[in-house]
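Chemist: First the structure, then my questions, so here it is.
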Amino acid sequence: MLSTKILLAEDVQMIRGALVALLELEPDFEVVASVDRGDVIVKTALETRPDVAVIDIDLPGMDGLTAAAALRERLPSCRALILTSLGRPGTLRRAMAAHVCGFLLKDAPPEQLARSVRAVAQGQRVIDPQLAMSAWDAPANPLSPRELEVLRQAAHGAAVTEIAASLYLSKGTVQNYLTAIVTKLNARNRVDAIRIAEDAGWIP
């Protein structure tokens with residue numbers, strides 16, 4: 001029997017160890033690598049050539065969706081299955097935009113994880129039904145890509161001057177973006193806008 005080679009990316013050591021043990025209980029699975037950071041996924045995958053990368057969405061260094069998109073570009077033969085603890089509809093939309101092959105809640109039964117890995121390895125797309133329904137009912141993201149980037153940096157604690165420098169904008173332009181974001185989201189202020197966007201899954 002040919003084994004499905006798996007790369008696992010999860011930053012919490014106990015959960016990572018449990019997932020490796022769980023996957024290796026399956027006779028047709030082989031975990032060829034496990035990592036705790038998003039920014040080493042592509043390098044490790046190029047070295048180990050997995051068939052499926054099981055990636056936690058919240059990783060240090062680089063978030064799981066960004067890593068999955070980079071992996072698809074550098075090693076298209078490896079299919080990504082994203083794990084998340086929060087079923088945010090906007091996150092599912094981002095996952096679909098990144099062309100991941102699977103999206104599963106972490107509290108899914110173990111047998112569902114194994115079935116999902118097999119399905120993804122065979123070229124199928126797997127989406128948790130609960131997540132799919134929530135994405136269907138959710139409002140569309142009203143923010144432009146540039147507004148999302150400004151808000152993402154603000155959410156990570158960057159000051160207006162830092163955002164302006166990193167995006168090659170004037171401070172006034174960044175302030176205008178932030179004002180437009182608050183208005184579009186019907187938020188009370190910048191902090192409320194960040195909360196709304198994070199709850200919707202529009203920013204990691």
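The chains in the structure tokens are called A, B, ... from first to last as shown; in each chain the residues are counted from 1, and the ligands are counted from 1 in the order shown.
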Could you name the residues that touch Leu113 (chain A) at 9 Å or less, counting only C-alpha atoms, but leaving out those on the same chain fewer than 5 positions away, as an mmCIF file with C-alpha atoms, in the first residue's frame?

Modeler:
data_model
loop_
_atom_site.group_PDB
_atom_site.id
_atom_site.type_symbol
_atom_site.label_atom_id
_atom_site.label_comp_id
_atom_site.auth_asym_id
_atom_site.auth_seq_id
_atom_site.Cartn_x
_atom_site.Cartn_y
_atom_site.Cartn_z
ATOM 1 C CA LEU A 23 -2.291 10.500 11.878
ATOM 2 C CA LEU A 104 -11.698 21.638 8.823
ATOM 3 C CA LYS A 106 -10.064 21.350 15.005
ATOM 4 C CA ALA A 108 -13.907 17.536 14.272
ATOM 5 C CA ARG A 118 -7.449 10.955 2.111
#

Chemist: Excluding Arg49 (chain A) and any residue of its chain fewer than 4 positions from it, enumerate the residues within 9 Å of it, using only C-alpha atoms, and give them as a list in words.

Modeler: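 Final neighbour list, sorted by chain and number: Lys5, Ile6, Leu7, Val32, Thr44, Ala45, Leu75, Ser77 and Cys78 of chain A.
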
Chemist: Restricting the calculation to only C-alpha atoms, which member of A:Lys184, A:Arg125, A:Lys171, A:Arg79 is positioned closest to Ser144 (chain A)?

Modeler: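 With only C-alpha atoms as the atom set, the closest residue is A:Lys184.
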
Chemist: Rounded to one decimal place, report the CA of Glu24 (chain A)-CA of Ala119 (chain A) distance in Å.

Modeler: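 Distance reported for this atom pair: 16.7 Å.
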
Chemist: Just how far from CA of Leu105 (chain A) is CA of Arg37 (chain A), in Å to one decimal?

Modeler: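 The value is 19.4 Å.
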
Chemist: Identify, on the basis of only C-alpha atoms, every residue whose closest approach to Leu22 (chain A) does not exceed 12 Å; exclude the query and any residue fewer than 4 positions from it along the same chain; express the result as JSON, numbers by chain.

Modeler: {"A": [8, 15, 16, 17, 18, 26, 27, 29, 30, 31, 109, 110, 111, 112, 113, 114]}

Chemist: Would you put the residues from that selection into a file with C-alpha atoms, as a short mmCIF file (atom, residue, chain, number, x, y, z; two decimals), in the first residue's frame?

Modeler:
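Okay, this is what ended up in part_37.cif:
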data_model
loop_
_atom_site.label_atom_id
_atom_site.label_comp_id
_atom_site.auth_asym_id
_atom_site.auth_seq_id
_atom_site.Cartn_x
_atom_site.Cartn_y
_atom_site.Cartn_z
CA LEU A 8 1.99 18.88 9.80
CA ILE A 15 -1.48 19.44 19.98
CA ARG A 16 1.20 18.85 17.35
CA GLY A 17 2.35 15.67 19.10
CA ALA A 18 -1.23 14.44 19.46
CA GLU A 26 -3.60 5.22 10.06
CA PRO A 27 -1.80 2.45 8.14
CA PHE A 29 -0.30 7.69 6.42
CA GLU A 30 3.31 8.72 6.99
CA VAL A 31 4.11 12.02 8.73
CA PRO A 109 -13.86 13.81 15.12
CA PRO A 110 -10.51 12.05 14.49
CA GLU A 111 -12.03 9.88 11.78
CA GLN A 112 -13.16 13.00 9.93
CA LEU A 113 -9.57 14.27 9.85
CA ALA A 114 -8.36 10.97 8.38
#

Chemist: Restricting the calculation to only C-alpha atoms, which member of A:Gly61, A:Val20, A:Val52, A:Glu162 is positioned closest to Asp39 (chain A)?

Modeler: A:Gly61

Chemist: Identify, with DSSP run on backbone atoms, the residues in region 3-148 of chain A assigned to strand (DSSP E), and express the list as an NGL selection string.

Modeler: :A and (4-9 or 29-35 or 52-56 or 79-84 or 102-105 or 126-127)

Chemist: Keeping only N, CA, C and O atoms, write those residues as a compact mmCIF listing (two decimals), in the first residue's frame.

Modeler:
# COMPACT_ATOMS: atom_id res chain seq x y z
N THR A 4 0.36 7.91 2.11
CA THR A 4 0.19 9.35 1.89
C THR A 4 1.16 10.07 2.80
O THR A 4 1.09 9.95 4.02
N LYS A 5 2.07 10.82 2.23
CA LYS A 5 3.07 11.54 3.01
C LYS A 5 2.50 12.88 3.46
O LYS A 5 1.94 13.62 2.65
N ILE A 6 2.65 13.16 4.75
CA ILE A 6 1.99 14.33 5.35
C ILE A 6 3.01 15.22 6.04
O ILE A 6 3.90 14.75 6.76
N LEU A 7 2.86 16.53 5.81
CA LEU A 7 3.57 17.54 6.59
C LEU A 7 2.55 18.18 7.53
O LEU A 7 1.47 18.57 7.10
N LEU A 8 2.89 18.27 8.81
CA LEU A 8 1.99 18.88 9.80
C LEU A 8 2.59 20.16 10.32
O LEU A 8 3.76 20.20 10.71
N ALA A 9 1.79 21.23 10.32
CA ALA A 9 2.23 22.52 10.86
C ALA A 9 1.27 22.95 11.97
O ALA A 9 0.10 23.23 11.71
N PHE A 29 -0.85 6.35 6.23
CA PHE A 29 -0.30 7.69 6.42
C PHE A 29 1.13 7.61 6.92
O PHE A 29 1.48 6.75 7.73
N GLU A 30 1.95 8.56 6.47
CA GLU A 30 3.31 8.72 6.99
C GLU A 30 3.58 10.21 7.19
O GLU A 30 3.55 10.98 6.23
N VAL A 31 3.78 10.62 8.44
CA VAL A 31 4.11 12.02 8.73
C VAL A 31 5.60 12.20 8.48
O VAL A 31 6.43 11.70 9.23
N VAL A 32 5.93 12.90 7.41
CA VAL A 32 7.34 13.05 7.02
C VAL A 32 7.99 14.27 7.65
O VAL A 32 9.21 14.40 7.66
N ALA A 33 7.17 15.19 8.19
CA ALA A 33 7.72 16.38 8.84
C ALA A 33 6.64 17.02 9.70
O ALA A 33 5.46 16.97 9.38
N SER A 34 7.07 17.63 10.81
CA SER A 34 6.17 18.46 11.61
C SER A 34 6.92 19.72 12.00
O SER A 34 8.08 19.66 12.41
N VAL A 35 6.26 20.86 11.83
CA VAL A 35 6.90 22.15 12.08
C VAL A 35 5.99 23.00 12.97
O VAL A 35 4.78 22.74 13.09
N VAL A 52 0.29 15.86 1.25
CA VAL A 52 -0.69 16.73 1.91
C VAL A 52 0.00 17.50 3.03
O VAL A 52 0.79 16.92 3.78
N ALA A 53 -0.30 18.79 3.12
CA ALA A 53 0.17 19.59 4.25
C ALA A 53 -1.04 19.94 5.11
O ALA A 53 -1.99 20.57 4.63
N VAL A 54 -1.03 19.47 6.35
CA VAL A 54 -2.10 19.79 7.31
C VAL A 54 -1.60 20.99 8.12
O VAL A 54 -0.64 20.88 8.87
N ILE A 55 -2.27 22.14 7.94
CA ILE A 55 -1.72 23.41 8.42
C ILE A 55 -2.71 24.11 9.35
O ILE A 55 -3.85 24.39 8.96
N ASP A 56 -2.26 24.41 10.56
CA ASP A 56 -3.05 25.25 11.46
C ASP A 56 -3.10 26.66 10.89
O ASP A 56 -2.11 27.16 10.36
N ARG A 79 -1.04 19.25 -1.54
CA ARG A 79 -2.35 19.85 -1.32
C ARG A 79 -2.49 20.24 0.14
O ARG A 79 -2.08 19.50 1.03
N ALA A 80 -3.09 21.39 0.39
CA ALA A 80 -3.18 21.93 1.75
C ALA A 80 -4.55 21.68 2.36
O ALA A 80 -5.58 21.93 1.74
N LEU A 81 -4.53 21.20 3.60
CA LEU A 81 -5.73 21.05 4.42
C LEU A 81 -5.55 21.95 5.63
O LEU A 81 -4.64 21.76 6.43
N ILE A 82 -6.41 22.97 5.75
CA ILE A 82 -6.30 23.96 6.82
C ILE A 82 -7.14 23.52 8.02
O ILE A 82 -8.29 23.11 7.88
N LEU A 83 -6.54 23.63 9.22
CA LEU A 83 -7.27 23.39 10.47
C LEU A 83 -7.48 24.71 11.18
O LEU A 83 -6.58 25.55 11.24
N THR A 84 -8.67 24.90 11.74
CA THR A 84 -8.94 26.13 12.49
C THR A 84 -9.80 25.82 13.70
O THR A 84 -10.60 24.88 13.68
N GLY A 102 -8.77 21.84 1.52
CA GLY A 102 -9.62 21.43 2.62
C GLY A 102 -9.61 22.44 3.74
O GLY A 102 -8.62 23.15 3.94
N PHE A 103 -10.71 22.49 4.47
CA PHE A 103 -10.86 23.44 5.58
C PHE A 103 -11.68 22.74 6.65
O PHE A 103 -12.85 22.40 6.42
N LEU A 104 -11.08 22.49 7.81
CA LEU A 104 -11.70 21.64 8.82
C LEU A 104 -11.56 22.27 10.21
O LEU A 104 -10.52 22.85 10.53
N LEU A 105 -12.61 22.14 11.01
CA LEU A 105 -12.54 22.59 12.39
C LEU A 105 -11.69 21.63 13.22
O LEU A 105 -11.75 20.41 13.04
N VAL A 126 -12.45 19.46 0.47
CA VAL A 126 -13.19 19.12 1.69
C VAL A 126 -13.43 20.40 2.49
O VAL A 126 -12.48 21.09 2.85
N ILE A 127 -14.69 20.70 2.76
CA ILE A 127 -15.03 21.87 3.57
C ILE A 127 -16.02 21.44 4.63
O ILE A 127 -17.04 20.79 4.32

Chemist: Can you list every residue in region 36-110 of chain A that DSSP puts in alpha helix (DSSP H), as a PyMOL selection string?

Modeler: chain A and resi 41-48+64-74+89-97+110

Chemist: Quick one: distance from CA of Leu169 (chain A) to CA of Arg188 (chain A) in Å, one decimal?

Modeler: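 Computing the Euclidean distance for CA of Leu169 (chain A) and CA of Arg188 (chain A) yields 24.6 Å.
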
Chemist: Neighbours of Val150 (chain A) within 12 Å (only C-alpha atoms; same-chain residues fewer than 3 positions away dropped), as a ChimeraX atom specification?

Modeler: /A:143-147,153-169,171,173-182,190,193-194,197,203

Chemist: Can you write just those residues out, C-alpha atoms, as a PDB file, in the first residue's frame?

Modeler:
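As a result, result.pdb now contains:
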ATOM      1  CA  LEU A 143     -12.904  46.536   2.394  1.00  0.00           C
ATOM      2  CA  SER A 144     -10.405  46.879  -0.446  1.00  0.00           C
ATOM      3  CA  PRO A 145      -7.115  44.920  -0.363  1.00  0.00           C
ATOM      4  CA  ARG A 146      -5.219  48.083   0.628  1.00  0.00           C
ATOM      5  CA  GLU A 147      -7.716  48.863   3.406  1.00  0.00           C
ATOM      6  CA  GLN A 153      -1.059  46.248  10.418  1.00  0.00           C
ATOM      7  CA  ALA A 154      -3.098  48.367  12.842  1.00  0.00           C
ATOM      8  CA  ALA A 155      -4.426  45.169  14.430  1.00  0.00           C
ATOM      9  CA  HIS A 156      -0.832  44.016  14.975  1.00  0.00           C
ATOM     10  CA  GLY A 157      -0.086  47.220  16.869  1.00  0.00           C
ATOM     11  CA  ALA A 158       1.591  49.306  14.165  1.00  0.00           C
ATOM     12  CA  ALA A 159       1.320  53.072  14.545  1.00  0.00           C
ATOM     13  CA  VAL A 160       0.156  55.282  11.686  1.00  0.00           C
ATOM     14  CA  THR A 161       3.741  56.342  10.950  1.00  0.00           C
ATOM     15  CA  GLU A 162       4.865  52.685  10.787  1.00  0.00           C
ATOM     16  CA  ILE A 163       1.987  51.735   8.472  1.00  0.00           C
ATOM     17  CA  ALA A 164       2.748  54.716   6.237  1.00  0.00           C
ATOM     18  CA  ALA A 165       6.426  53.778   6.006  1.00  0.00           C
ATOM     19  CA  SER A 166       5.797  50.083   5.240  1.00  0.00           C
ATOM     20  CA  LEU A 167       3.196  50.822   2.551  1.00  0.00           C
ATOM     21  CA  TYR A 168       4.988  53.894   1.113  1.00  0.00           C
ATOM     22  CA  LEU A 169       2.059  56.170   1.916  1.00  0.00           C
ATOM     23  CA  LYS A 171       0.442  59.601   7.216  1.00  0.00           C
ATOM     24  CA  THR A 173      -3.418  58.812   3.445  1.00  0.00           C
ATOM     25  CA  VAL A 174      -3.217  56.135   6.145  1.00  0.00           C
ATOM     26  CA  GLN A 175      -5.503  58.225   8.362  1.00  0.00           C
ATOM     27  CA  ASN A 176      -7.945  58.523   5.452  1.00  0.00           C
ATOM     28  CA  TYR A 177      -7.893  54.758   4.961  1.00  0.00           C
ATOM     29  CA  LEU A 178      -8.592  54.200   8.663  1.00  0.00           C
ATOM     30  CA  THR A 179     -11.475  56.669   8.594  1.00  0.00           C
ATOM     31  CA  ALA A 180     -12.946  54.968   5.512  1.00  0.00           C
ATOM     32  CA  ILE A 181     -12.588  51.543   7.188  1.00  0.00           C
ATOM     33  CA  VAL A 182     -14.434  52.685  10.318  1.00  0.00           C
ATOM     34  CA  ARG A 190     -10.483  51.837  14.961  1.00  0.00           C
ATOM     35  CA  ALA A 193     -13.244  48.053  13.298  1.00  0.00           C
ATOM     36  CA  ILE A 194     -10.411  45.635  14.089  1.00  0.00           C
ATOM     37  CA  ALA A 197     -12.859  42.414  10.855  1.00  0.00           C
ATOM     38  CA  ILE A 203      -7.842  39.749   8.666  1.00  0.00           C
TER      39      ILE A 203
END

Chemist: Between A:Val100, A:Leu46, A:Ala200, A:Ala21, which one has atoms that come closest to Gly123 (chain A), using only C-alpha atoms?

Modeler: A:Val100
